[in-house]
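The structure file structure_24.txt is reproduced below (compact mmCIF, C-alpha atoms and all ligand atoms).
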# COMPACT_ATOMS: atom_id res chain seq x y z
CA MET M 23 0.00 0.00 0.00
CA THR M 24 0.98 3.59 -0.42
CA GLU M 25 2.51 5.51 2.41
CA HIS M 26 0.37 8.47 3.36
CA GLY M 27 1.02 11.19 0.81
CA GLU M 28 2.82 9.09 -1.76
CA LEU M 29 1.50 8.05 -5.11
CA PRO M 30 1.07 4.29 -5.52
CA ALA M 31 4.36 2.69 -6.57
CA ASP M 32 2.87 0.25 -9.04
CA VAL M 33 -0.38 -1.14 -10.40
CA GLU M 34 -0.56 -3.77 -7.69
CA ALA M 35 -0.23 -1.19 -4.93
CA LEU M 36 -3.04 0.82 -6.48
CA ALA M 37 -5.27 -2.26 -6.84
CA THR M 38 -4.63 -3.18 -3.20
CA GLY M 39 -5.44 0.36 -2.14
CA LEU M 40 -8.69 0.35 -4.12
CA ASP M 41 -9.58 -2.98 -2.56
CA ARG M 42 -9.05 -1.51 0.90
CA ALA M 43 -11.26 1.40 -0.08
CA GLY M 44 -13.97 -1.19 -0.84
CA TYR M 45 -13.56 -1.11 -4.62
CA LEU M 46 -12.66 -4.23 -6.57
CA ALA M 47 -10.82 -3.33 -9.76
CA ASP M 48 -9.59 -5.84 -12.30
CA GLU M 49 -6.04 -5.52 -13.52
CA SER M 50 -6.88 -3.58 -16.66
CA LEU M 51 -8.83 -0.90 -14.76
CA ALA M 52 -6.14 -0.66 -12.07
CA THR M 53 -3.53 -0.26 -14.82
CA ALA M 54 -5.53 2.45 -16.57
CA LEU M 55 -6.03 4.39 -13.31
CA PHE M 56 -2.37 3.96 -12.39
CA LEU M 57 -1.32 5.41 -15.73
CA ALA M 58 -3.72 8.33 -15.34
CA VAL M 59 -2.18 9.18 -11.98
CA ARG M 60 1.42 8.65 -13.06
CA MET M 61 1.21 10.24 -16.50
CA GLY M 62 -0.97 13.10 -15.30
CA GLN M 63 -3.40 12.43 -18.13
CA PRO M 64 -7.19 12.55 -17.85
CA ILE M 65 -8.95 9.22 -18.04
CA LEU M 66 -12.32 8.55 -19.65
CA LEU M 67 -14.27 5.69 -18.09
CA GLU M 68 -17.13 4.40 -20.17
CA GLY M 69 -19.57 1.65 -19.40
CA GLU M 70 -23.18 0.73 -18.85
CA PRO M 71 -25.01 2.32 -15.91
CA GLY M 72 -24.08 0.95 -12.51
CA VAL M 73 -20.80 -0.77 -13.39
CA GLY M 74 -18.79 1.33 -10.94
CA LYS M 75 -17.53 4.31 -12.96
CA THR M 76 -18.34 6.99 -10.39
CA GLU M 77 -17.25 4.79 -7.52
CA ALA M 78 -13.86 4.19 -9.20
CA ALA M 79 -13.08 7.91 -8.99
CA LYS M 80 -14.22 8.10 -5.37
CA ALA M 81 -12.11 5.11 -4.42
CA LEU M 82 -9.12 6.59 -6.26
CA ALA M 83 -9.38 9.76 -4.17
CA THR M 84 -9.43 7.62 -1.03
CA VAL M 85 -6.32 5.73 -2.13
CA LEU M 86 -4.46 8.95 -2.89
CA SER M 87 -5.75 10.38 0.41
CA THR M 88 -6.86 13.47 -1.39
CA VAL M 89 -10.05 15.42 -1.99
CA LEU M 90 -12.61 14.40 -4.55
CA VAL M 91 -14.01 17.35 -6.47
CA ARG M 92 -17.11 16.32 -8.37
CA LEU M 93 -18.74 18.04 -11.28
CA GLN M 94 -22.06 16.45 -12.19
CA CYS M 95 -22.77 17.24 -15.82
CA TYR M 96 -26.24 17.94 -17.19
CA GLU M 97 -27.79 19.39 -20.29
CA GLY M 98 -27.32 23.15 -20.38
CA LEU M 99 -24.38 23.17 -17.95
CA THR M 100 -22.31 26.24 -18.76
CA ALA M 101 -18.61 26.88 -18.30
CA ALA M 102 -19.41 29.66 -15.82
CA GLU M 103 -21.48 27.38 -13.58
CA ALA M 104 -18.75 24.76 -13.60
CA LEU M 105 -15.92 27.22 -12.91
CA TYR M 106 -16.87 30.09 -10.66
CA GLU M 107 -19.55 32.61 -9.86
CA TRP M 108 -19.46 35.97 -8.15
CA ASN M 109 -21.09 36.06 -4.78
CA TYR M 110 -23.71 38.75 -5.50
CA PRO M 111 -25.35 38.83 -2.06
CA ARG M 112 -21.93 39.29 -0.51
CA GLN M 113 -21.01 41.98 -3.02
CA LEU M 114 -24.24 43.84 -2.22
CA LEU M 115 -23.53 43.56 1.47
CA GLY M 116 -20.01 44.82 0.85
CA ILE M 117 -21.37 47.85 -0.99
CA ARG M 118 -23.88 48.61 1.80
CA LEU M 119 -21.24 48.32 4.48
CA ALA M 120 -18.89 50.54 2.55
CA GLU M 121 -21.67 53.15 2.09
CA ALA M 122 -22.44 53.06 5.79
CA ARG M 123 -18.79 53.75 6.48
CA GLY M 124 -18.73 56.51 3.91
CA GLU M 125 -16.27 54.58 1.74
CA GLN M 126 -16.40 53.76 -1.95
CA LEU M 127 -15.69 50.37 -3.42
CA THR M 128 -13.99 49.98 -6.77
CA ASP M 129 -14.55 47.16 -9.24
CA ASP M 130 -11.24 45.70 -8.15
CA ASP M 131 -12.52 45.47 -4.57
CA LEU M 132 -15.80 43.90 -5.62
CA PHE M 133 -14.36 41.43 -8.09
CA GLY M 134 -11.59 40.21 -5.85
CA PRO M 135 -10.90 36.73 -4.50
CA GLY M 136 -13.04 37.36 -1.39
CA TYR M 137 -16.19 37.50 -3.52
CA LEU M 138 -15.36 34.54 -5.72
CA LEU M 139 -17.40 31.34 -5.36
CA ARG M 140 -15.24 28.49 -6.54
CA ARG M 141 -17.22 25.90 -8.47
CA PRO M 142 -15.75 22.42 -9.00
CA LEU M 143 -13.39 23.12 -11.91
CA LEU M 144 -11.79 26.13 -10.28
CA ALA M 145 -11.65 24.36 -6.91
CA ALA M 146 -9.76 21.48 -8.54
CA ILE M 147 -7.37 23.80 -10.40
CA GLU M 148 -6.68 25.84 -7.27
CA HIS M 149 -6.29 22.85 -4.97
CA PRO M 150 -3.10 23.67 -3.09
CA GLY M 151 -1.72 20.13 -2.95
CA PRO M 152 0.64 18.62 -2.04
CA ARG M 153 -1.30 15.73 -3.55
CA PRO M 154 -3.40 16.36 -6.66
CA ALA M 155 -7.15 16.52 -6.21
CA VAL M 156 -9.21 13.91 -8.04
CA LEU M 157 -11.52 15.81 -10.36
CA LEU M 158 -14.54 13.68 -11.23
CA ILE M 159 -16.36 15.01 -14.28
CA ASP M 160 -19.35 12.74 -14.05
CA GLU M 161 -21.56 11.86 -17.01
CA ILE M 162 -19.86 14.16 -19.49
CA ASP M 163 -22.13 12.77 -22.22
CA ARG M 164 -25.03 14.70 -20.65
CA ALA M 165 -23.34 18.08 -21.16
CA ASP M 166 -23.55 19.98 -24.46
CA ASP M 167 -20.95 20.08 -27.20
CA GLU M 168 -19.76 23.59 -26.28
CA PHE M 169 -19.10 22.54 -22.73
CA GLU M 170 -17.06 19.60 -23.94
CA ALA M 171 -14.97 21.90 -26.13
CA PHE M 172 -14.35 24.24 -23.21
CA LEU M 173 -13.44 21.31 -21.04
CA PHE M 174 -10.78 19.80 -23.21
CA GLU M 175 -8.93 23.10 -23.34
CA LEU M 176 -9.01 23.30 -19.59
CA LEU M 177 -7.81 19.72 -19.28
CA ALA M 178 -5.00 20.25 -21.76
CA GLU M 179 -3.68 23.43 -20.18
CA SER M 180 -4.69 23.03 -16.52
CA THR M 181 -5.38 26.76 -16.58
CA VAL M 182 -8.53 28.84 -16.49
CA THR M 183 -9.05 32.48 -17.26
CA ILE M 184 -11.31 34.65 -15.15
CA PRO M 185 -11.76 37.97 -16.95
CA GLU M 186 -11.66 40.04 -13.74
CA LEU M 187 -8.76 38.17 -12.15
CA GLY M 188 -6.63 36.87 -15.00
CA THR M 189 -5.31 33.41 -15.72
CA ARG M 190 -5.07 30.82 -12.98
CA ARG M 191 -2.67 27.96 -13.49
CA ALA M 192 -2.98 24.76 -11.48
CA VAL M 193 -0.42 24.45 -8.72
CA VAL M 194 -0.84 20.69 -8.76
CA PRO M 195 -2.85 19.61 -11.81
CA PRO M 196 -5.77 17.40 -10.75
CA VAL M 197 -6.16 13.76 -11.70
CA ALA M 198 -9.18 14.08 -13.98
CA VAL M 199 -11.61 11.17 -14.24
CA LEU M 200 -14.39 11.58 -16.80
CA THR M 201 -17.28 9.17 -16.98
CA SER M 202 -19.79 8.54 -19.73
CA ASN M 203 -22.76 6.22 -20.23
CA ARG M 204 -22.44 6.74 -23.98
CA THR M 205 -25.81 8.41 -24.37
CA ARG M 206 -24.04 10.28 -27.15
CA ASP M 207 -20.66 10.14 -28.81
CA LEU M 208 -17.93 12.35 -27.42
CA HIS M 209 -15.64 14.51 -29.54
CA ASP M 210 -12.57 12.83 -30.92
CA ALA M 211 -10.51 15.74 -29.62
CA LEU M 212 -11.62 14.95 -26.07
CA ARG M 213 -10.99 11.24 -26.49
CA ARG M 214 -7.54 11.88 -27.86
CA ARG M 215 -6.62 13.86 -24.76
CA CYS M 216 -7.71 11.08 -22.43
CA LEU M 217 -6.66 7.61 -21.53
CA TYR M 218 -9.61 5.34 -22.08
CA HIS M 219 -11.07 2.41 -20.25
CA TRP M 220 -14.29 0.53 -20.85
CA ILE M 221 -15.71 -0.94 -17.64
CA GLY M 222 -17.67 -4.02 -18.67
CA TYR M 223 -20.18 -5.85 -16.51
CA PRO M 224 -17.99 -8.10 -14.34
CA GLY M 225 -18.20 -11.89 -14.27
CA SER M 226 -20.47 -13.50 -11.66
CA GLU M 227 -17.64 -14.37 -9.28
CA ARG M 228 -16.51 -10.77 -9.12
CA VAL M 229 -20.08 -9.54 -8.76
CA ALA M 230 -20.46 -11.89 -5.79
CA ASP M 231 -17.24 -10.46 -4.29
CA ILE M 232 -18.52 -6.92 -4.80
CA ILE M 233 -21.84 -7.82 -3.14
CA ARG M 234 -19.96 -9.25 -0.14
CA ARG M 235 -17.91 -6.07 0.04
CA ARG M 236 -20.87 -3.72 -0.11
CA GLU M 237 -23.43 -5.81 1.77
CA PRO M 238 -21.47 -7.72 4.41
CA ALA M 239 -24.70 -9.08 5.91
CA ALA M 240 -25.14 -11.24 2.79
CA SER M 241 -23.56 -14.69 3.19
CA THR M 242 -21.14 -16.01 0.56
CA PRO M 243 -23.73 -18.47 -0.85
CA LEU M 244 -26.42 -15.78 -0.96
CA ALA M 245 -24.07 -13.36 -2.74
CA ALA M 246 -23.19 -16.10 -5.25
CA ALA M 247 -26.88 -16.90 -5.80
CA VAL M 248 -27.72 -13.24 -6.40
CA ALA M 249 -24.78 -12.80 -8.79
CA GLY M 250 -25.79 -15.91 -10.74
CA SER M 251 -29.43 -14.88 -10.90
CA VAL M 252 -28.53 -11.39 -12.08
CA ALA M 253 -26.43 -12.95 -14.84
CA ARG M 254 -29.42 -15.06 -15.91
CA LEU M 255 -31.68 -12.00 -15.84
CA ARG M 256 -29.16 -10.14 -17.99
CA ALA M 257 -29.41 -12.92 -20.57
CA LEU M 258 -33.14 -12.16 -21.00
CA ASP M 259 -34.20 -9.50 -23.45
CA LEU M 260 -34.76 -6.66 -20.95
CA THR M 261 -35.30 -2.93 -21.30
CA LYS M 262 -32.86 -2.25 -18.50
CA PRO M 263 -30.59 -5.20 -17.69
CA PRO M 264 -29.67 -5.07 -13.99
CA GLY M 265 -26.14 -3.85 -13.23
CA VAL M 266 -23.81 -4.19 -10.27
CA ALA M 267 -25.80 -1.58 -8.34
CA GLU M 268 -28.98 -3.64 -8.74
CA ALA M 269 -27.18 -6.83 -7.70
CA ILE M 270 -26.08 -5.08 -4.49
CA GLY M 271 -29.59 -3.69 -3.99
CA TRP M 272 -31.11 -7.14 -4.41
CA ALA M 273 -28.77 -8.66 -1.82
CA CYS M 274 -29.60 -5.78 0.51
CA ALA M 275 -33.36 -6.32 0.08
CA LEU M 276 -32.97 -10.04 0.83
CA THR M 277 -30.88 -9.55 3.96
CA THR M 278 -33.20 -6.78 5.14
CA LEU M 279 -36.10 -9.24 4.97
CA GLY M 280 -33.98 -11.84 6.78
CA ILE M 281 -33.99 -14.14 3.73
CA ALA M 282 -30.90 -16.36 3.67
CA ARG M 283 -31.65 -18.40 0.54
CA LEU M 284 -32.64 -17.15 -2.88
CA THR M 285 -35.62 -19.38 -3.65
CA PRO M 286 -38.04 -18.60 -6.51
CA GLU M 287 -40.49 -17.37 -3.88
CA ALA M 288 -37.88 -15.07 -2.32
CA ALA M 289 -37.00 -13.77 -5.79
CA GLY M 290 -40.65 -13.00 -6.42
CA ARG M 291 -40.94 -11.00 -3.21
CA THR M 292 -37.85 -8.92 -3.96
CA LEU M 293 -37.95 -8.61 -7.75
CA SER M 294 -38.56 -4.86 -7.59
CA ALA M 295 -35.12 -4.40 -6.00
CA VAL M 296 -33.45 -5.68 -9.15
CA LEU M 297 -35.83 -4.98 -12.05
CA LYS M 298 -37.10 -1.43 -12.21
CA HIS M 299 -39.40 -1.72 -15.20
CA GLN M 300 -42.77 -3.42 -15.18
CA GLU M 301 -42.13 -5.05 -18.58
CA ASP M 302 -38.79 -6.42 -17.32
CA GLN M 303 -40.50 -7.95 -14.29
CA ASP M 304 -43.07 -9.51 -16.63
CA ALA M 305 -40.25 -10.91 -18.79
CA ALA M 306 -38.62 -12.48 -15.71
CA LEU M 307 -41.92 -14.00 -14.61
CA ARG M 308 -42.48 -15.37 -18.13
CA ALA M 309 -39.00 -16.93 -18.09
CA GLY M 310 -39.91 -18.47 -14.73
CA LEU M 311 -38.42 -17.53 -11.38
CA SER M 312 -37.06 -21.02 -10.83
CA THR M 313 -35.10 -20.58 -14.07
CA VAL M 314 -33.90 -17.15 -12.92
CA VAL M 315 -32.64 -18.42 -9.56
CA GLY M 316 -31.29 -21.60 -11.16
CA THR M 317 -33.19 -24.17 -9.10
CA ASP M 318 -34.45 -26.00 -12.19
CA GLU M 319 -30.96 -26.61 -13.58
N1 LIG R 401 -15.86 -2.89 -8.72
C1 LIG R 401 -16.64 -2.49 -7.71
N2 LIG R 401 -16.25 -2.60 -6.44
C2 LIG R 401 -17.07 -2.19 -5.43
N3 LIG R 401 -18.28 -1.64 -5.60
C3 LIG R 401 -18.72 -1.50 -6.85
C4 LIG R 401 -17.93 -1.90 -7.97
N4 LIG R 401 -18.62 -1.64 -9.10
C5 LIG R 401 -19.78 -1.11 -8.71
N5 LIG R 401 -19.85 -1.00 -7.37
C6 LIG R 401 -20.99 -0.47 -6.60
O1 LIG R 401 -22.09 -0.43 -7.47
C7 LIG R 401 -22.84 0.77 -7.28
C8 LIG R 401 -22.92 1.51 -8.58
O2 LIG R 401 -21.66 2.04 -8.90
P1 LIG R 401 -21.49 3.46 -9.58
O3 LIG R 401 -22.49 4.42 -9.05
O4 LIG R 401 -20.07 3.83 -9.50
O5 LIG R 401 -21.87 3.10 -11.08
P2 LIG R 401 -21.77 4.02 -12.36
O6 LIG R 401 -21.07 3.22 -13.39
O7 LIG R 401 -21.26 5.35 -12.02
O8 LIG R 401 -23.31 4.09 -12.74
P3 LIG R 401 -24.13 5.28 -13.47
O9 LIG R 401 -23.72 5.21 -14.91
O10 LIG R 401 -25.55 4.85 -13.26
O11 LIG R 401 -23.76 6.54 -12.80
C9 LIG R 401 -22.15 1.54 -6.17
O12 LIG R 401 -22.82 1.29 -4.97
C10 LIG R 401 -20.76 0.96 -6.14
O13 LIG R 401 -20.26 1.01 -4.85
MG MG R 402 -22.12 7.21 -12.03
Could the structure of this file be written out as structure tokens, please?
Ligand SMILES: Nc1ncnc2c1ncn2[C@@H]1O[C@H](COP(=O)(O)OP(=O)(O)OP(=O)(O)O)[C@@H](O)[C@H]1O
Ligand SMILES: [Mg+2]
Amino acid sequence: MTEHGELPADVEALATGLDRAGYLADESLATALFLAVRMGQPILLEGEPGVGKTEAAKALATVLSTVLVRLQCYEGLTAAEALYEWNYPRQLLGIRLAEARGEQLTDDDLFGPGYLLRRPLLAAIEHPGPRPAVLLIDEIDRADDEFEAFLFELLAESTVTIPELGTRRAVVPPVAVLTSNRTRDLHDALRRRCLYHWIGYPGSERVADIIRRREPAASTPLAAAVAGSVARLRALDLTKPPGVAEAIGWACALTTLGIARLTPEAAGRTLSAVLKHQEDQDAALRAGLSTVVGTDE
């Protein structure tokens, strides 16, 4: 493991650290994250919903014992909202106070650092170190094209320009982790700037391990049964195939009800924890719950 304050020495050290932070990464993901940290290059994590993209960035921040700065992207997100805003109420108060004292404030006073609200991108750029912040730019595919264009400049230069204050250069450039569910294609220019890793849905054994990690109340056989059943559900033609998050949720529902064995009846009682669409539940029932839980094999 890493000494406090040091970057992980190798891929194995990073994987062990992630494991301790409760995140199970396979070797290819651990390698990709290690390279992102060591090469100081942004990394783009793509994958289906719920495969652990967001959690990977959080766990990475834990391993590096540094802050996680998260920017949640959405349609219409503007560069200004992501970078900084001026604290208008505080500026107004400043003006009132100055008037009461018979003083006059200049623009330089009002647009100074004291009135600046740092939004995630600026907070990450201005993070004082000594370790780099982890900057999670979550669900970049939800933001608009223009925002993406703005972003790749920022990522390339690790600088931002605030008209009233000038250019700010990162003291310690952040480790940038971008995630996407591929609801739309990202610009080639952005991809080229990033390392890339596709997080696939893990095999059943790993899913069972993840369940055990996240839901310790679930026994090893129960976790294995849930992982196997989720794999069988994923083989059906569903609108929304359950992911790792749903597998964990299912195990949690079962343990909460005090159910130790995943029988067809138990699956029926808890189906809504794993299938979130009526038509998917119907498809599972049509396939037969004993088939889903594997008791008729
Ligand atoms: N490899 C893993 N190790 C430990 N926990 C995991 C792993 N993969 C997923 N999880 C757990 O699964 C859940 C979903 O993960 P997360 O939110 O990171 O998915 P995501 O890929 O960001 O999904 P979305 O695209 O919906 O945002 C979390 O509770 C997370 O802890
Ligand atoms: Mg996510």
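Among M:Arg42, M:Arg112, M:Arg204, M:Lys298, the residue with the shortest atom-to-atom distance to ligand MG 402 (chain R), counting all atoms listed in the file, is M:Arg204.
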Edge lengths and centre in Å, axis-aligned, ligand LIG 401 (chain R) plus 8 Å each side, as JSON:
{"center_x": -20.7, "center_y": 1.8, "center_z": -9.9, "size_x": 25.7, "size_y": 25.4, "size_z": 26.1}
Distance of CA of Val199 in chain M from CA of Ile65 in chain M, expressed in Å to one decimal place: 5.0 Å
For the interface of chain M with ligand MG 402 (chain R) (cut-off 8 Å, counting all atoms listed in the file), please tabulate each contacting residue of chain M alongside its nearest pair of atoms and their separation in Å to one decimal, rows sorted by chain and increasing number, as a tab-separated table.
residue	atom	partner	partner_atom	distance
M:Pro71	CA	R:MG402	MG	6.9
M:Gly72	CA	R:MG402	MG	6.6
M:Gly74	CA	R:MG402	MG	6.8
M:Lys75	CA	R:MG402	MG	5.5
M:Thr76	CA	R:MG402	MG	4.1
M:Glu77	CA	R:MG402	MG	7.1
M:Asp160	CA	R:MG402	MG	6.5
M:Glu161	CA	R:MG402	MG	6.8
M:Thr201	CA	R:MG402	MG	7.2
Expected selection as a ChimeraX atom specification for ligand LIG 401 (chain R) within 9 Å, all atoms listed in the file: /M:40-41,43-48,67-81,160-161,201-203,221,223-224,228-229,231-233,235-236,265-271
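Residues surrounding Glu97 in chain M within 6 Å are Arg164, Ala165 and Asp166 of chain M [all atoms listed in the file; sequence separation below 5 positions excluded].
Minimum distance to Ser87 in chain M across M:Val59, M:Leu66, M:Ala230, M:Leu29 (counting only C-alpha atoms) occurs at M:Leu29.
Counting from CA of Ala306 in chain M, the distance to CA of Lys262 in chain M is 12.1 Å.
Atom pair CA of Gly136 in chain M / CA of Glu179 in chain M has a distance of 25.2 Å (rounded to one decimal).
In terms of minimum interatomic distance to Thr317 in chain M, M:Arg283 ranks closest within M:Arg283, M:Arg215, M:His149, M:Arg291, counting only C-alpha atoms.
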Pick out the residues sitting within 10 Å of Ala171 in chain M, and hand them over as a compact mmCIF listing (two decimals) with C-alpha atoms, in the frame of the given file; count all atoms listed in the file, and ignore anything fewer than 5 positions along from it in its own chain.
# COMPACT_ATOMS: atom_id res chain seq x y z
CA ALA M 101 -18.61 26.88 -18.30
CA ASP M 166 -23.55 19.98 -24.46
CA LEU M 176 -9.01 23.30 -19.59
CA HIS M 209 -15.64 14.51 -29.54
CA ALA M 211 -10.51 15.74 -29.62
CA LEU M 212 -11.62 14.95 -26.07
Residues within 12 Å of Gly280 in chain M, only C-alpha atoms, excluding chain neighbours under 6 positions, as a VMD selection string: chain M and resid 239 to 241 244 273 to 274 288 292
Pick from M:Val156, M:Ala198, M:Ile162, M:Leu260 nearest to Leu177 in chain M, counting only C-alpha atoms: M:Ala198
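With only the atoms specified (all atoms listed in the file) counting, those residues at most 9 Å away from (-27.2, -11.3, -16.2) are Tyr223, Ser226, Ala249, Gly250, Ser251, Val252, Ala253, Arg254, Leu255, Arg256, Ala257, Leu258, Pro263, Pro264 and Gly265 of chain M.
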For the residues in that selection, give me C-alpha atoms as a PDB file, in the frame of the given file.
ATOM      1  CA  TYR M 223     -20.180  -5.850 -16.510  1.00  0.00           C
ATOM      2  CA  SER M 226     -20.470 -13.500 -11.660  1.00  0.00           C
ATOM      3  CA  ALA M 249     -24.780 -12.800  -8.790  1.00  0.00           C
ATOM      4  CA  GLY M 250     -25.790 -15.910 -10.740  1.00  0.00           C
ATOM      5  CA  SER M 251     -29.430 -14.880 -10.900  1.00  0.00           C
ATOM      6  CA  VAL M 252     -28.530 -11.390 -12.080  1.00  0.00           C
ATOM      7  CA  ALA M 253     -26.430 -12.950 -14.840  1.00  0.00           C
ATOM      8  CA  ARG M 254     -29.420 -15.060 -15.910  1.00  0.00           C
ATOM      9  CA  LEU M 255     -31.680 -12.000 -15.840  1.00  0.00           C
ATOM     10  CA  ARG M 256     -29.160 -10.140 -17.990  1.00  0.00           C
ATOM     11  CA  ALA M 257     -29.410 -12.920 -20.570  1.00  0.00           C
ATOM     12  CA  LEU M 258     -33.140 -12.160 -21.000  1.00  0.00           C
ATOM     13  CA  PRO M 263     -30.590  -5.200 -17.690  1.00  0.00           C
ATOM     14  CA  PRO M 264     -29.670  -5.070 -13.990  1.00  0.00           C
ATOM     15  CA  GLY M 265     -26.140  -3.850 -13.230  1.00  0.00           C
TER      16      GLY M 265
END
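Checking M:Val296, M:Ala245, M:Ala31, M:Leu208 one by one against Thr277 in chain M, counting only C-alpha atoms, you find the shortest gap at M:Ala245.
Using all atoms listed in the file, the smallest distance between any of M:Tyr218, M:Ile184, M:Arg153, M:Ser50 and Pro30 in chain M comes from M:Arg153.
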Test item: which residues lie within 12 Å of (1.5, 28.1, -14.5) counting only C-alpha atoms, as a list of chain:residue names: M:Ile147, M:Glu148, M:Glu179, M:Ser180, M:Thr181, M:Val182, M:Thr183, M:Gly188, M:Thr189, M:Arg190, M:Arg191, M:Ala192, M:Val193, M:Val194, M:Pro195
Selection near Trp272 in chain M, 9 Å with all atoms listed in the file, sequence-local residues under 6 positions removed, as a ChimeraX atom specification: /M:248,289,292-296
